[in-house]
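Visitor: Encoded as structure tokens, here's the structure I'll be asking about.
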Amino acid sequence: MSLLTLKDVHKSFGPVQVLEGIDFELNRDEIVALLGENGAGKSTLMKIIAGVHSPSSGKLLLEGKEVAIQSPKHSQQLGISIIHQEFNLLRDMSIAENIFLGRMKKNRFGTVDWKRMFSETEVLLKRVGIGHLSPKQLVMECSIAEQQLIEIAKALSFDANILIMDEPSATLNNEETDNLMQLMKELNEQHIGIIFITHRLEEVFRVADKAVVLRDGHLIGERRVTDTDKDEIISMMVGRELKDIYPERNIQSGDNLLDVSSLSVKGKLHDVNLTLRKGEILGVAGLMGSGQTALSKAMFGLLSIESGEVRINGTSVRSPQQAISEGIALLTDDRKSEGLVLELSVAENILMPNYRTISNRGYLPKKKMKTIVNQWIKELSIKTSTPEVEVRTLSGGNQQKVVLGKWLETKPQVLILNEPTRGVDVGAKSEIYKLIKNLADEGMGIILISSEMPEILGLSHRVLVMNEGRITGELDIHEATQEKIFAYAVGGENG
Amino acid sequence: MNDRLLQSALFLDKFRVLIIFILLLFVASMVSDVFFTVTNLMNVLRQVSIVGIIAVGMTLVILTSGIDLSVGSVMAVTGAVAAGILTAGFPLPVVIVLTLVAGLVIGAFNGVVIAKGNVPPFIATLAMMVIARGVTLVITGGSPTVISDATYRFIGGGRILGIPFPVILMLGIIAVMYWVLKNTTFGRNIYAVGGNEEAARLSGINVTKIKISVYALTGMFAAVSALIYTSRLMSAQPNAGQMLELDAIAAVIIGGTRLTGGKGGVIGTLIGALIMGVLDNILNLANVSPFYQDIAKGLVILVAVLLDSKLSKIGK
């Protein structure tokens with residue numbers, strides 16, 4: 001019996017048609033993967049089911065009965081829970097308080113019944129596989145993966161029978177993703193229907209029963225995963241055949257550009273050595289939190305170095321200002337809080353690290369700025385109506401291109417990319433890959449940090465693997481395989 | 001929402017402070033015939049100038065998502081410094097320069113404590129508010145220092161082409177800061193720091209320097225106001241500028257600059273200061289008791305900000 005049915009759902013915001021004639025069905029024993037490039041309408045569809053938006057036309061049926069969902073709260077009462085990409089947890093409060101936020105259990109004196117809340121929380125945490133955490137622990141002290149599971153526990157506490165997850169694995173490493181997939185299957189066996197959005201196709205074939213593909217607000221098709229393959233799904237998503245999203249690799253090695261010698265940062269990095277050559281793409285792999293981000297920040301002069309140094313052109317890097325003027329650029333893994341000023345325009349974000357070089361003794365010539373901005377918008381094909389648009393209104397892929405534009409304008413010799421395709425759709429991903437390759441061909445040295453193995457293997461010339469702040473392995477691309485990298489990443493001695 | 005509606009909503013969003021101000025002018029002309037006379041309008045402008053100049057500094061600080069509670073006390077202490085060295089016999093240009101430098105140094109001190117010491121701006125400037133008031137009392141000995149130099153009167157009381165000199169100072173400072181915010185590296189970096197400090201730091205912007213600079217400028221603008229204030233009264237008052245910080249913050253917020261930083265500007269602040277000035281003026285012209293004036297002023301601030309947030313939602 002169908003748990004949730006959508007019939008001919010349309011949604012428009014003003015003149016913009018976001019969804020057109022969507023039919024959708026979720027059964028009690030199903031896990032459905034919802035796929036599509038950014039801007040395809042996936043999030044809008046999820047928000048309609050979760051009661052955030054109401055459809056312009058069309059029907060929504062729960063267990064065969066037509067319902068009009070009034071609000072997110074109403075949808076919760078109907079047994080629908082949604083877990084957004086950005087968690088809605090209060091970091092300074094305990095796990096139990098977060099789960100029962102807004103509906104604290106009370107005892108007969110009308111004060112908070114901590115005992116009951118803690119014991120119920122304990123049961124919930126066990127159910128999602130983090131029974132080792134105390135309900136009293138602050139959310140702040142939990143890892144990202146644990147926070148995700150807390151969100152799921154919270155959703156379960158509403159007796160949800162439909163669970164919606166927006167890119168649940170986006171910030172998880174492989175092992176954590178495995179656990180999540182396992183949990184999704186278990187919950188599904190308890191008759192909770194699950195819809196999840198993802199950009200990682202591997203996951204679709206691992207857990208989903210059905211893949212539903214949207215493009216430009218239209219339903220392109222749905223397939224049982226047993227009847228399809230990756231290539232078909234990708235071509236449905238992008239509307240064209242996408243034979244190989246990784247460009248051909250040019251093997252070339254020039255002079256040394258950047259030298260990192262015995263670099264240590266207290267509690268984060270231990271005795272890291274690496275060299276980067278001109279025109280080289282150096283992949284840095286490892287489980288999340290193994291020191292890759294610390295390494296990227298240390299190379300950019302952001303962390304206080306305990307010992308060792310980072311040298312470029314014979315100078316030792318000590319501050320971001322100096323790193324930039326010596327030709328190092330850093331694209332961080334957290335675009336929203338570190339890469340962009342979301343409420344400033346596309347133009348201002350591109351110009352931000354470049355004001356010093358553009359300005360004429362502090363004065364900023366308008367014409368020159370306009371030329372620079374337009375050049376990058378064109379070169380990187382950033383989709384924006386005008387350069388004056390606030391950058392937060394752009395899709396993830398286009399936001400990432402803005403960050404790339406801002407750094408490329410600094411004319412770097414070394415480009416450090418930390419998770420350059422996180423939250424970016426397949427089409428934009430392949431554009432970014434081509435760009436990375438072209439930059440390396442032109443002689444730029446690129447350090448590519450990524451938790452997506454295929455990305456590392458598809459682009460790099462050489463791969464370093466990190467574990468607990470150390471470099472535990474170095475592999476030439478010809479000898480690198482997922483298995484070898486993984487062995488080094490978990491700290492195995494001989495790969 | 002159709003296109004025309006959206007256009008007018010965007011228009012409202014951009015000019016909402018101005019619209020509120022024009023509505024107020026309309027009310028003012030109904031309340032009193034005297035309001036729209038040149039003498040009265042010049043009076044309003046002159047009265048606004050002290051808060052207006054300080055509010056320009058406050059705008060910069062708030063744009064970086066900071067706050068400066070010490071401006072009133074800094075005005076008092078730099079006023080006392082000015083009166084002190086003037087009566088000690090120093091020539092006027094030296095007095096002016098030293099006073100401005102004193103303001104700049106106190107402001108820079110605030111900035112260093114905030115940016116380098118990582119003290120929240122509210123706390124750092126609250127401490128300075130108390131310290132500077134104390135220093136003022138020490139310098140003045142608790143009673144007004146009278147100024148006898150007649151040329152000094154020009155700063156607060158002089159006119160050029162019929163326009164009061166403080167008004168020229170205020171408009172000049174606003175014009176310069178408007179230009180700086182719009183067209184210089186320093187200006188654009190202020191918005192970046194307030195919009196997302198981390199992203200700004202990672203873009204190689206020297207966040208510490210920007211922060212110290214905005215507090216230093218605010219201190220200097222407080223010193224400019226101190227010159228005007230002491231010149232108007234021809235004395236330095238130990239209790240000068242009390243509650244002035246609140247008027248300045250109100251002008252900035254009414255003017256549409258966001259309290260959390262990254263958005264806004266000095267033109268809005270000018271209008272914000274004028275709204276408060278006109279309001280004072282109307283209430284005076286209508287002979288409302290001073291006790292009721294405060295209540296009315298507070299209410300108008302509330303209404304203006306509420307209206308502002310309503311209008312800004314339509315614009316979204």
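Labels used: A, B, ... for chains in the order of the structure tokens, numbers from 1 for residues in each chain, and numbers from 1 for ligands as shown.
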Could you work out which residues of chain B fall inside 8 Å of chain A? Count only C-alpha atoms, and format the result as a list in words.
Guide: Met1, Asn2, Asn183, Thr184, Thr185, Phe186, Asn189, Ala192, Gly195, Asn196, Glu198, Ala199, Ala200, Arg201, Leu202, Ser203, Gly204, Ile205, Asn206 and Gly262 of chain B
Visitor: Output N, CA, C and O atoms for every residue in the selection just made, as a compact mmCIF listing (two decimals), in the first residue's frame.
Guide:
# COMPACT_ATOMS: atom_id res chain seq x y z
N MET B 1 4.02 37.08 -7.13
CA MET B 1 4.11 38.56 -7.19
C MET B 1 4.44 38.98 -8.63
O MET B 1 5.37 38.44 -9.22
N ASN B 2 3.67 39.89 -9.19
CA ASN B 2 3.99 40.28 -10.56
C ASN B 2 5.15 41.27 -10.60
O ASN B 2 5.62 41.77 -9.57
N ASN B 183 33.98 53.45 -2.57
CA ASN B 183 35.01 53.39 -3.61
C ASN B 183 36.42 53.03 -3.16
O ASN B 183 37.35 53.11 -3.95
N THR B 184 36.58 52.66 -1.90
CA THR B 184 37.95 52.33 -1.50
C THR B 184 38.03 50.90 -0.96
O THR B 184 37.03 50.32 -0.53
N THR B 185 39.24 50.39 -0.99
CA THR B 185 39.50 49.07 -0.44
C THR B 185 39.05 49.01 1.01
O THR B 185 38.37 48.08 1.43
N PHE B 186 39.43 50.05 1.78
CA PHE B 186 39.06 50.11 3.19
C PHE B 186 37.55 49.97 3.36
O PHE B 186 37.06 49.17 4.14
N ASN B 189 36.22 46.52 2.45
CA ASN B 189 36.63 45.54 3.44
C ASN B 189 35.79 45.61 4.72
O ASN B 189 35.57 44.60 5.38
N ALA B 192 32.89 43.47 4.11
CA ALA B 192 33.28 42.05 4.11
C ALA B 192 33.46 41.53 5.53
O ALA B 192 32.99 40.45 5.87
N GLY B 195 30.08 41.20 7.11
CA GLY B 195 29.24 40.19 6.48
C GLY B 195 29.66 38.78 6.85
O GLY B 195 28.83 37.92 7.12
N ASN B 196 30.95 38.53 6.89
CA ASN B 196 31.46 37.22 7.26
C ASN B 196 32.94 37.35 7.58
O ASN B 196 33.79 37.34 6.69
N GLU B 198 35.12 35.45 8.97
CA GLU B 198 36.01 34.35 8.65
C GLU B 198 36.37 34.37 7.15
O GLU B 198 37.53 34.22 6.78
N ALA B 199 35.34 34.56 6.33
CA ALA B 199 35.60 34.61 4.88
C ALA B 199 36.53 35.78 4.56
O ALA B 199 37.40 35.69 3.69
N ALA B 200 36.35 36.90 5.26
CA ALA B 200 37.20 38.06 5.02
C ALA B 200 38.64 37.75 5.38
O ALA B 200 39.57 38.04 4.63
N ARG B 201 38.83 37.11 6.54
CA ARG B 201 40.19 36.78 6.98
C ARG B 201 40.84 35.84 5.97
O ARG B 201 41.99 36.02 5.59
N LEU B 202 40.06 34.85 5.51
CA LEU B 202 40.61 33.88 4.55
C LEU B 202 40.86 34.51 3.19
O LEU B 202 41.55 33.93 2.37
N SER B 203 40.28 35.67 2.95
CA SER B 203 40.55 36.35 1.69
C SER B 203 41.75 37.27 1.81
O SER B 203 42.01 38.08 0.94
N GLY B 204 42.46 37.15 2.92
CA GLY B 204 43.65 37.95 3.09
C GLY B 204 43.40 39.36 3.58
O GLY B 204 44.30 40.20 3.56
N ILE B 205 42.17 39.64 3.99
CA ILE B 205 41.87 40.97 4.53
C ILE B 205 42.39 41.01 5.96
O ILE B 205 42.17 40.09 6.75
N ASN B 206 43.09 42.10 6.30
CA ASN B 206 43.62 42.25 7.64
C ASN B 206 42.49 42.73 8.56
O ASN B 206 42.27 43.91 8.75
N GLY B 262 27.52 44.34 8.05
CA GLY B 262 27.56 43.95 6.65
C GLY B 262 26.61 44.66 5.72
O GLY B 262 26.71 44.52 4.51
Visitor: Residues near segment 128-139 of chain A, anyone? I mean within 12 Å using only C-alpha atoms, not counting same-chain ones fewer than 4 positions away, as a PDB file with N, CA and C atoms, in the first residue's frame.
Guide:
ATOM      1  N   PHE A  87      21.919  21.213   9.861  1.00  0.00           N
ATOM      2  CA  PHE A  87      21.198  20.689  11.006  1.00  0.00           C
ATOM      3  C   PHE A  87      20.530  21.808  11.795  1.00  0.00           C
ATOM      4  N   ASN A  88      19.376  21.458  12.363  1.00  0.00           N
ATOM      5  CA  ASN A  88      18.690  22.414  13.241  1.00  0.00           C
ATOM      6  C   ASN A  88      18.905  22.024  14.687  1.00  0.00           C
ATOM      7  N   LEU A  89      20.155  21.999  15.096  1.00  0.00           N
ATOM      8  CA  LEU A  89      20.442  21.627  16.477  1.00  0.00           C
ATOM      9  C   LEU A  89      21.029  22.824  17.205  1.00  0.00           C
ATOM     10  N   LEU A  90      20.703  22.926  18.496  1.00  0.00           N
ATOM     11  CA  LEU A  90      21.291  23.981  19.304  1.00  0.00           C
ATOM     12  C   LEU A  90      22.552  23.425  19.944  1.00  0.00           C
ATOM     13  N   ARG A  91      23.674  23.977  19.551  1.00  0.00           N
ATOM     14  CA  ARG A  91      24.957  23.394  19.917  1.00  0.00           C
ATOM     15  C   ARG A  91      25.248  23.446  21.410  1.00  0.00           C
ATOM     16  N   ASP A  92      24.708  24.441  22.082  1.00  0.00           N
ATOM     17  CA  ASP A  92      25.037  24.598  23.498  1.00  0.00           C
ATOM     18  C   ASP A  92      24.082  23.852  24.420  1.00  0.00           C
ATOM     19  N   MET A  93      23.165  23.089  23.837  1.00  0.00           N
ATOM     20  CA  MET A  93      22.233  22.349  24.679  1.00  0.00           C
ATOM     21  C   MET A  93      22.511  20.852  24.571  1.00  0.00           C
ATOM     22  N   SER A  94      21.961  20.103  25.534  1.00  0.00           N
ATOM     23  CA  SER A  94      22.223  18.668  25.568  1.00  0.00           C
ATOM     24  C   SER A  94      21.464  17.961  24.449  1.00  0.00           C
ATOM     25  N   ILE A  95      21.851  16.716  24.203  1.00  0.00           N
ATOM     26  CA  ILE A  95      21.181  15.919  23.181  1.00  0.00           C
ATOM     27  C   ILE A  95      19.703  15.781  23.530  1.00  0.00           C
ATOM     28  N   ALA A  96      19.425  15.456  24.794  1.00  0.00           N
ATOM     29  CA  ALA A  96      18.036  15.245  25.208  1.00  0.00           C
ATOM     30  C   ALA A  96      17.200  16.509  24.987  1.00  0.00           C
ATOM     31  N   GLU A  97      17.744  17.657  25.369  1.00  0.00           N
ATOM     32  CA  GLU A  97      16.991  18.904  25.189  1.00  0.00           C
ATOM     33  C   GLU A  97      16.733  19.182  23.718  1.00  0.00           C
ATOM     34  N   ASN A  98      17.699  18.848  22.884  1.00  0.00           N
ATOM     35  CA  ASN A  98      17.515  19.051  21.451  1.00  0.00           C
ATOM     36  C   ASN A  98      16.397  18.170  20.902  1.00  0.00           C
ATOM     37  N   ILE A  99      16.385  16.936  21.355  1.00  0.00           N
ATOM     38  CA  ILE A  99      15.370  16.022  20.841  1.00  0.00           C
ATOM     39  C   ILE A  99      13.977  16.458  21.278  1.00  0.00           C
ATOM     40  N   PHE A 100      13.871  16.940  22.497  1.00  0.00           N
ATOM     41  CA  PHE A 100      12.545  17.320  22.999  1.00  0.00           C
ATOM     42  C   PHE A 100      12.314  18.832  22.969  1.00  0.00           C
ATOM     43  N   TRP A 114      13.278  15.541  33.823  1.00  0.00           N
ATOM     44  CA  TRP A 114      14.556  15.164  33.214  1.00  0.00           C
ATOM     45  C   TRP A 114      14.709  13.657  33.112  1.00  0.00           C
ATOM     46  N   LYS A 115      14.272  12.966  34.165  1.00  0.00           N
ATOM     47  CA  LYS A 115      14.482  11.524  34.211  1.00  0.00           C
ATOM     48  C   LYS A 115      13.848  10.850  32.997  1.00  0.00           C
ATOM     49  N   ARG A 116      12.600  11.243  32.731  1.00  0.00           N
ATOM     50  CA  ARG A 116      11.891  10.615  31.630  1.00  0.00           C
ATOM     51  C   ARG A 116      12.527  10.999  30.284  1.00  0.00           C
ATOM     52  N   MET A 117      12.910  12.281  30.170  1.00  0.00           N
ATOM     53  CA  MET A 117      13.527  12.725  28.918  1.00  0.00           C
ATOM     54  C   MET A 117      14.828  11.985  28.654  1.00  0.00           C
ATOM     55  N   PHE A 118      15.625  11.825  29.701  1.00  0.00           N
ATOM     56  CA  PHE A 118      16.902  11.138  29.529  1.00  0.00           C
ATOM     57  C   PHE A 118      16.683   9.679  29.144  1.00  0.00           C
ATOM     58  N   SER A 119      15.727   9.040  29.807  1.00  0.00           N
ATOM     59  CA  SER A 119      15.565   7.617  29.516  1.00  0.00           C
ATOM     60  C   SER A 119      14.991   7.420  28.116  1.00  0.00           C
ATOM     61  N   GLU A 120      14.064   8.281  27.713  1.00  0.00           N
ATOM     62  CA  GLU A 120      13.524   8.150  26.355  1.00  0.00           C
ATOM     63  C   GLU A 120      14.602   8.456  25.308  1.00  0.00           C
ATOM     64  N   THR A 121      15.439   9.441  25.619  1.00  0.00           N
ATOM     65  CA  THR A 121      16.525   9.781  24.698  1.00  0.00           C
ATOM     66  C   THR A 121      17.482   8.610  24.541  1.00  0.00           C
ATOM     67  N   GLU A 122      17.783   7.964  25.669  1.00  0.00           N
ATOM     68  CA  GLU A 122      18.677   6.822  25.643  1.00  0.00           C
ATOM     69  C   GLU A 122      18.176   5.755  24.666  1.00  0.00           C
ATOM     70  N   VAL A 123      16.871   5.475  24.742  1.00  0.00           N
ATOM     71  CA  VAL A 123      16.283   4.472  23.864  1.00  0.00           C
ATOM     72  C   VAL A 123      16.450   4.893  22.400  1.00  0.00           C
ATOM     73  N   LEU A 124      16.168   6.160  22.147  1.00  0.00           N
ATOM     74  CA  LEU A 124      16.269   6.667  20.771  1.00  0.00           C
ATOM     75  C   LEU A 124      17.708   6.582  20.253  1.00  0.00           C
ATOM     76  N   SER A 143      30.449  14.677  17.070  1.00  0.00           N
ATOM     77  CA  SER A 143      30.964  14.847  15.711  1.00  0.00           C
ATOM     78  C   SER A 143      29.806  15.112  14.748  1.00  0.00           C
ATOM     79  N   ILE A 144      30.157  15.530  13.538  1.00  0.00           N
ATOM     80  CA  ILE A 144      29.132  15.811  12.539  1.00  0.00           C
ATOM     81  C   ILE A 144      28.262  14.575  12.310  1.00  0.00           C
ATOM     82  N   ALA A 145      28.920  13.400  12.219  1.00  0.00           N
ATOM     83  CA  ALA A 145      28.173  12.172  11.960  1.00  0.00           C
ATOM     84  C   ALA A 145      27.204  11.895  13.100  1.00  0.00           C
ATOM     85  N   GLU A 146      27.676  12.123  14.321  1.00  0.00           N
ATOM     86  CA  GLU A 146      26.803  11.892  15.470  1.00  0.00           C
ATOM     87  C   GLU A 146      25.633  12.873  15.466  1.00  0.00           C
ATOM     88  N   GLN A 147      25.925  14.121  15.081  1.00  0.00           N
ATOM     89  CA  GLN A 147      24.852  15.115  15.034  1.00  0.00           C
ATOM     90  C   GLN A 147      23.772  14.696  14.044  1.00  0.00           C
ATOM     91  N   GLN A 148      24.224  14.119  12.935  1.00  0.00           N
ATOM     92  CA  GLN A 148      23.276  13.650  11.940  1.00  0.00           C
ATOM     93  C   GLN A 148      22.374  12.574  12.530  1.00  0.00           C
ATOM     94  N   LEU A 149      23.002  11.667  13.283  1.00  0.00           N
ATOM     95  CA  LEU A 149      22.234  10.583  13.885  1.00  0.00           C
ATOM     96  C   LEU A 149      21.288  11.128  14.963  1.00  0.00           C
ATOM     97  N   ILE A 150      21.714  12.187  15.645  1.00  0.00           N
ATOM     98  CA  ILE A 150      20.832  12.822  16.624  1.00  0.00           C
ATOM     99  C   ILE A 150      19.604  13.392  15.915  1.00  0.00           C
ATOM    100  N   GLU A 151      19.833  13.985  14.753  1.00  0.00           N
ATOM    101  CA  GLU A 151      18.705  14.499  13.965  1.00  0.00           C
ATOM    102  C   GLU A 151      17.737  13.365  13.616  1.00  0.00           C
ATOM    103  N   ILE A 152      18.322  12.231  13.251  1.00  0.00           N
ATOM    104  CA  ILE A 152      17.461  11.100  12.893  1.00  0.00           C
ATOM    105  C   ILE A 152      16.700  10.625  14.131  1.00  0.00           C
ATOM    106  N   ALA A 153      17.396  10.562  15.267  1.00  0.00           N
ATOM    107  CA  ALA A 153      16.737  10.161  16.508  1.00  0.00           C
ATOM    108  C   ALA A 153      15.577  11.103  16.818  1.00  0.00           C
ATOM    109  N   LYS A 154      15.832  12.392  16.585  1.00  0.00           N
ATOM    110  CA  LYS A 154      14.793  13.385  16.834  1.00  0.00           C
ATOM    111  C   LYS A 154      13.590  13.127  15.918  1.00  0.00           C
ATOM    112  N   ALA A 155      13.884  12.834  14.666  1.00  0.00           N
ATOM    113  CA  ALA A 155      12.804  12.554  13.723  1.00  0.00           C
ATOM    114  C   ALA A 155      11.997  11.337  14.177  1.00  0.00           C
ATOM    115  N   LEU A 156      12.699  10.311  14.662  1.00  0.00           N
ATOM    116  CA  LEU A 156      12.012   9.095  15.111  1.00  0.00           C
ATOM    117  C   LEU A 156      11.132   9.379  16.322  1.00  0.00           C
ATOM    118  N   SER A 157      11.562  10.346  17.150  1.00  0.00           N
ATOM    119  CA  SER A 157      10.799  10.638  18.359  1.00  0.00           C
ATOM    120  C   SER A 157       9.412  11.193  18.032  1.00  0.00           C
ATOM    121  N   GLU A 176      31.485   6.461   8.086  1.00  0.00           N
ATOM    122  CA  GLU A 176      30.253   7.018   8.643  1.00  0.00           C
ATOM    123  C   GLU A 176      29.090   6.846   7.674  1.00  0.00           C
ATOM    124  N   ASN A 179      27.752   3.364   7.939  1.00  0.00           N
ATOM    125  CA  ASN A 179      26.867   3.215   9.095  1.00  0.00           C
ATOM    126  C   ASN A 179      25.493   3.797   8.820  1.00  0.00           C
ATOM    127  N   LEU A 180      25.498   4.971   8.169  1.00  0.00           N
ATOM    128  CA  LEU A 180      24.229   5.636   7.882  1.00  0.00           C
ATOM    129  C   LEU A 180      23.371   4.771   6.956  1.00  0.00           C
ATOM    130  N   MET A 181      24.029   4.225   5.928  1.00  0.00           N
ATOM    131  CA  MET A 181      23.295   3.398   4.963  1.00  0.00           C
ATOM    132  C   MET A 181      22.686   2.183   5.682  1.00  0.00           C
ATOM    133  N   GLN A 182      23.479   1.601   6.574  1.00  0.00           N
ATOM    134  CA  GLN A 182      23.025   0.454   7.340  1.00  0.00           C
ATOM    135  C   GLN A 182      21.783   0.826   8.163  1.00  0.00           C
ATOM    136  N   LEU A 183      21.867   1.991   8.818  1.00  0.00           N
ATOM    137  CA  LEU A 183      20.749   2.450   9.642  1.00  0.00           C
ATOM    138  C   LEU A 183      19.504   2.681   8.784  1.00  0.00           C
ATOM    139  N   MET A 184      19.711   3.261   7.606  1.00  0.00           N
ATOM    140  CA  MET A 184      18.569   3.519   6.725  1.00  0.00           C
ATOM    141  C   MET A 184      17.861   2.214   6.400  1.00  0.00           C
ATOM    142  N   LYS A 185      18.653   1.164   6.140  1.00  0.00           N
ATOM    143  CA  LYS A 185      18.056  -0.134   5.831  1.00  0.00           C
ATOM    144  C   LYS A 185      17.279  -0.674   7.026  1.00  0.00           C
ATOM    145  N   GLU A 186      17.884  -0.539   8.209  1.00  0.00           N
ATOM    146  CA  GLU A 186      17.216  -1.036   9.416  1.00  0.00           C
ATOM    147  C   GLU A 186      15.898  -0.326   9.650  1.00  0.00           C
ATOM    148  N   LEU A 187      15.918   0.990   9.510  1.00  0.00           N
ATOM    149  CA  LEU A 187      14.696   1.761   9.733  1.00  0.00           C
ATOM    150  C   LEU A 187      13.638   1.361   8.722  1.00  0.00           C
TER     151      LEU A 187
END
Visitor: If we count only C-alpha atoms and set the cut-off at 10 Å, which residues sit around Pro454 of chain A, ignoring sequence neighbours fewer than 6 positions away in its own chain? Please answer as a ChimeraX atom specification.
Guide: /A:246,481-482
Visitor: Can those selected residues be exported to a file as a CSV table (one decimal), in the first residue's frame so that it contains C-alpha atoms?
Guide:
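Saved as result07.csv:
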chain,number,residue,atom,x,y,z
A,246,TYR,CA,37.1,13.1,-15.5
A,481,THR,CA,43.7,2.0,-5.9
A,482,GLN,CA,40.8,2.7,-3.5
Visitor: Taking the chain letters and numbering used in this document, name the residues of segment 151-376 of chain A that DSSP puts in strand (DSSP E), as a PyMOL selection string.
Guide: chain A and resi 162-166+193-197+210-215+218-224+256-265+269-277+281-286+307-312+315-316+328-331
Visitor: Within 6 Å of segment 269-279 of chain A, counting only C-alpha atoms, which residues show up once you throw out same-chain ones fewer than 5 positions away? Write them as a list in words, please.
Guide: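 In the requested form, the answer reads Gly254, Asp255, Asn256, Leu257, Leu258, Asp259, Val260, Ser261, Ser262, Leu263, Ser264, Ala440, Asp441, Gly443, Met444, Gly445, Gly469 and Arg470 of chain A.
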Visitor: Can you spit out the residues from that selection as a compact mmCIF listing (two decimals), in the first residue's frame, using N, CA, C and O atoms?
Guide:
# COMPACT_ATOMS: atom_id res chain seq x y z
N GLY A 254 57.15 19.77 -13.39
CA GLY A 254 58.08 20.87 -13.53
C GLY A 254 58.93 21.02 -12.29
O GLY A 254 59.14 20.06 -11.54
N ASP A 255 59.38 22.23 -12.04
CA ASP A 255 60.21 22.51 -10.88
C ASP A 255 59.38 22.48 -9.61
O ASP A 255 58.17 22.59 -9.65
N ASN A 256 60.07 22.36 -8.49
CA ASN A 256 59.38 22.44 -7.21
C ASN A 256 58.79 23.84 -7.00
O ASN A 256 59.43 24.84 -7.27
N LEU A 257 57.55 23.86 -6.53
CA LEU A 257 56.88 25.14 -6.29
C LEU A 257 56.79 25.41 -4.80
O LEU A 257 57.10 26.49 -4.31
N LEU A 258 56.31 24.39 -4.10
CA LEU A 258 56.00 24.57 -2.68
C LEU A 258 56.65 23.43 -1.90
O LEU A 258 56.60 22.28 -2.30
N ASP A 259 57.29 23.80 -0.80
CA ASP A 259 57.90 22.80 0.06
C ASP A 259 57.35 22.91 1.47
O ASP A 259 57.39 23.98 2.07
N VAL A 260 56.85 21.81 1.98
CA VAL A 260 56.42 21.78 3.37
C VAL A 260 57.39 20.85 4.07
O VAL A 260 57.55 19.70 3.67
N SER A 261 58.08 21.37 5.11
CA SER A 261 59.05 20.50 5.76
C SER A 261 58.78 20.40 7.26
O SER A 261 58.58 21.40 7.93
N SER A 262 58.75 19.20 7.74
CA SER A 262 58.49 18.82 9.14
C SER A 262 57.48 19.74 9.81
O SER A 262 57.72 20.25 10.89
N LEU A 263 56.36 19.94 9.17
CA LEU A 263 55.34 20.86 9.69
C LEU A 263 54.54 20.20 10.80
O LEU A 263 53.96 19.14 10.61
N SER A 264 54.50 20.87 11.95
CA SER A 264 53.68 20.38 13.05
C SER A 264 52.81 21.50 13.59
O SER A 264 53.26 22.63 13.75
N ALA A 440 46.26 23.09 -14.21
CA ALA A 440 47.50 22.34 -14.03
C ALA A 440 48.31 22.34 -15.33
O ALA A 440 49.53 22.51 -15.32
N ASP A 441 47.62 22.18 -16.45
CA ASP A 441 48.31 22.19 -17.74
C ASP A 441 49.03 23.51 -17.98
O ASP A 441 50.06 23.58 -18.63
N GLY A 443 50.45 25.13 -15.75
CA GLY A 443 51.61 25.23 -14.88
C GLY A 443 51.30 25.49 -13.42
O GLY A 443 52.21 25.59 -12.59
N MET A 444 50.03 25.61 -13.08
CA MET A 444 49.69 25.84 -11.69
C MET A 444 49.87 24.53 -10.92
O MET A 444 49.64 23.45 -11.45
N GLY A 445 50.33 24.63 -9.68
CA GLY A 445 50.41 23.45 -8.82
C GLY A 445 49.12 23.35 -8.03
O GLY A 445 48.67 24.35 -7.48
N GLY A 469 46.61 13.27 11.45
CA GLY A 469 47.54 14.38 11.35
C GLY A 469 48.90 14.03 10.76
O GLY A 469 49.79 14.86 10.72
N ARG A 470 49.09 12.79 10.32
CA ARG A 470 50.35 12.41 9.70
C ARG A 470 50.10 11.98 8.27
O ARG A 470 49.01 11.55 7.92
Visitor: Per DSSP on the backbone, what are the alpha helix (DSSP H) residues of segment 82-184 of chain B, as an MDAnalysis selection string?
Guide: chainID B and resid 82:87 92:115 121:140 153:157 165:183
Visitor: Do you know which residues are at most 12 Å from Thr208 of chain B counting only C-alpha atoms, after dropping those on the same chain fewer than 4 positions away, and could you put them as a list of chain:residue names?
Guide: B:Thr64, B:Ala108, B:Asn110, B:Gly111, B:Val112, B:Val113, B:Ile114, B:Ala115, B:Lys116, B:Gly117, B:Asn118, B:Asn189, B:Ile190, B:Val193, B:Glu197, B:Glu198, B:Ala200, B:Arg201, B:Gly204, B:Ile212, B:Ser213, B:Val214, B:Tyr215
Visitor: Of the candidates A:Ser43, A:Ser75, A:Asn398, A:Glu452, which one gets nearest to Leu201 of chain A if we count only C-alpha atoms?
Guide: A:Glu452
Visitor: Which polymer residues have any atom within 12 Å of an atom of Glu388 of chain A, counting only C-alpha atoms, with same-chain residues fewer than 2 positions away left out, as JSON, numbers by chain?
Guide: {"A": [343, 344, 345, 346, 347, 348, 349, 350, 370, 373, 374, 377, 384, 385, 386, 390, 391, 392, 393, 394]}
Visitor: Nearest to Val176 of chain B among B:Ala127, B:Ile155, B:Leu233, B:Ile53, with distances taken over only C-alpha atoms: which residue is it?
Guide: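 The closest residue to Val176 of chain B is B:Ile53.
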